[in-house]
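Take a look at the structure set out below.
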Amino acid sequence: MAEATLIPLDNVDTALVEALLDRAFEPERRQRTAYSLREGTDWLPGLSFAAIDGEDNLVGTIQCWPVALTDLAGRRHPLILVGPVAVLPEAQGTGYGKALMTATISALDPRAPLPQVMIGDPEYYGRFWGFSAAHTSGWTLPGPWEKHRLLVRCDNAAVLPGEGSLGPWVG
């Protein structure tokens, strides 16, 4: 990986973060289902980071959000939505994204880690961090998604409802 420093995301100007997200994902990113999952919530500062290169430029970010899986009985199960994981196009493939993911996973409280959910590449996120679609096939989202890309990481999968609707964790 190129030289990088990871800092808390709340130390970075929001306009810079938005510009990076636009470059990494295109401005149409706001139409994606993941945005509906976190609508009305704020990202979690303790789990969200920025990557700064050796020239003090913002090259990557990761954000985590409070979400809930509402089971068929109406009970809400808290989860952490991981993403977006964004790296500038010219810096992709150099390890920034991996460093950001590792920082977020490392920041989870090991005494009571909430399950983490994301929409992403199952091979990549499964290989490095144990995310899998094995327990999400009965879940629904507020918009289109590819079932094999809805991933969860959980120390004890038995706590996850087999069916439910994923959405924002709003008060």
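Order determines the names: the first chain of the structure tokens is A, the second B, and so forth; residues in each chain are numbered 1 upward, and ligands are numbered 1 upward as they are shown.
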
* To do: Name all residues at most 12 Å from Leu88 (chain A) (count only C-alpha atoms; drop same-chain ones fewer than 4 positions away) and give them as an NGL selection string.
  => :A and (16-26 or 50-53 or 57-61 or 92-97)

List every residue of region 109-165 of chain A that has an atom at most 9 Å from any atom of region 31-35 of chain A, and for each one report the closest atom pair and its distance in Å to one decimal, counting only C-alpha atoms, with rows sorted by chain and then by increasing residue number, as CSV.
```
residue,atom,partner,partner_atom,distance
A:Met118,CA,A:Ala34,CA,8.4
A:Ile119,CA,A:Ala34,CA,7.4
A:Leu141,CA,A:Thr33,CA,7.4
A:Pro142,CA,A:Thr33,CA,6.5
A:Gly143,CA,A:Thr33,CA,5.1
A:Pro144,CA,A:Thr33,CA,6.2
A:Trp145,CA,A:Thr33,CA,6.9
```

Can you write just those residues out, C-alpha atoms, as a PDB file, in the first residue's frame?
```pdb
ATOM      1  CA  MET A 118     -23.069  -4.616   3.513  1.00  0.00           C
ATOM      2  CA  ILE A 119     -23.811  -4.753  -0.164  1.00  0.00           C
ATOM      3  CA  LEU A 141     -34.378  -4.237   1.147  1.00  0.00           C
ATOM      4  CA  PRO A 142     -36.141  -0.974   0.205  1.00  0.00           C
ATOM      5  CA  GLY A 143     -35.053  -1.105  -3.416  1.00  0.00           C
ATOM      6  CA  PRO A 144     -33.329  -3.356  -5.928  1.00  0.00           C
ATOM      7  CA  TRP A 145     -30.305  -5.449  -4.971  1.00  0.00           C
TER       8      TRP A 145
END
```

* What residues in chain A get the DSSP label helix (DSSP H, G or I)? Please answer as a VMD selection string. -> chain A and resid 9 to 11 14 to 25 27 to 31 33 to 37 45 to 47 89 to 91 96 to 107 122 to 129 147 to 149 157 to 159

* **Selection near Val159 (chain A), 12 Å with only C-alpha atoms, sequence-local residues under 3 positions removed, as an MDAnalysis selection string** => chainID A and resid 69 71 77:79 113:115 135 152:156 162:163

With C-alpha atoms retained, write the just-selected residues as a PDB file, in the first residue's frame.
```pdb
ATOM      1  CA  LEU A  69     -33.527  -5.880  10.470  1.00  0.00           C
ATOM      2  CA  ASP A  71     -38.286  -9.654  11.638  1.00  0.00           C
ATOM      3  CA  HIS A  77     -32.578  -6.264  15.400  1.00  0.00           C
ATOM      4  CA  PRO A  78     -29.763  -3.672  15.321  1.00  0.00           C
ATOM      5  CA  LEU A  79     -26.988  -4.086  12.774  1.00  0.00           C
ATOM      6  CA  PRO A 113     -20.195  -6.687  18.459  1.00  0.00           C
ATOM      7  CA  LEU A 114     -23.318  -6.019  16.451  1.00  0.00           C
ATOM      8  CA  PRO A 115     -23.637  -7.966  13.200  1.00  0.00           C
ATOM      9  CA  HIS A 135     -27.828 -15.917   6.120  1.00  0.00           C
ATOM     10  CA  VAL A 152     -23.461 -10.179   6.748  1.00  0.00           C
ATOM     11  CA  ARG A 153     -20.652 -10.773   9.231  1.00  0.00           C
ATOM     12  CA  CYS A 154     -21.646 -12.049  12.644  1.00  0.00           C
ATOM     13  CA  ASP A 155     -19.895 -13.942  15.427  1.00  0.00           C
ATOM     14  CA  ASN A 156     -23.039 -16.002  16.102  1.00  0.00           C
ATOM     15  CA  GLY A 162     -33.870 -15.843   8.700  1.00  0.00           C
ATOM     16  CA  GLU A 163     -36.440 -13.428   7.308  1.00  0.00           C
TER      17      GLU A 163
END
```
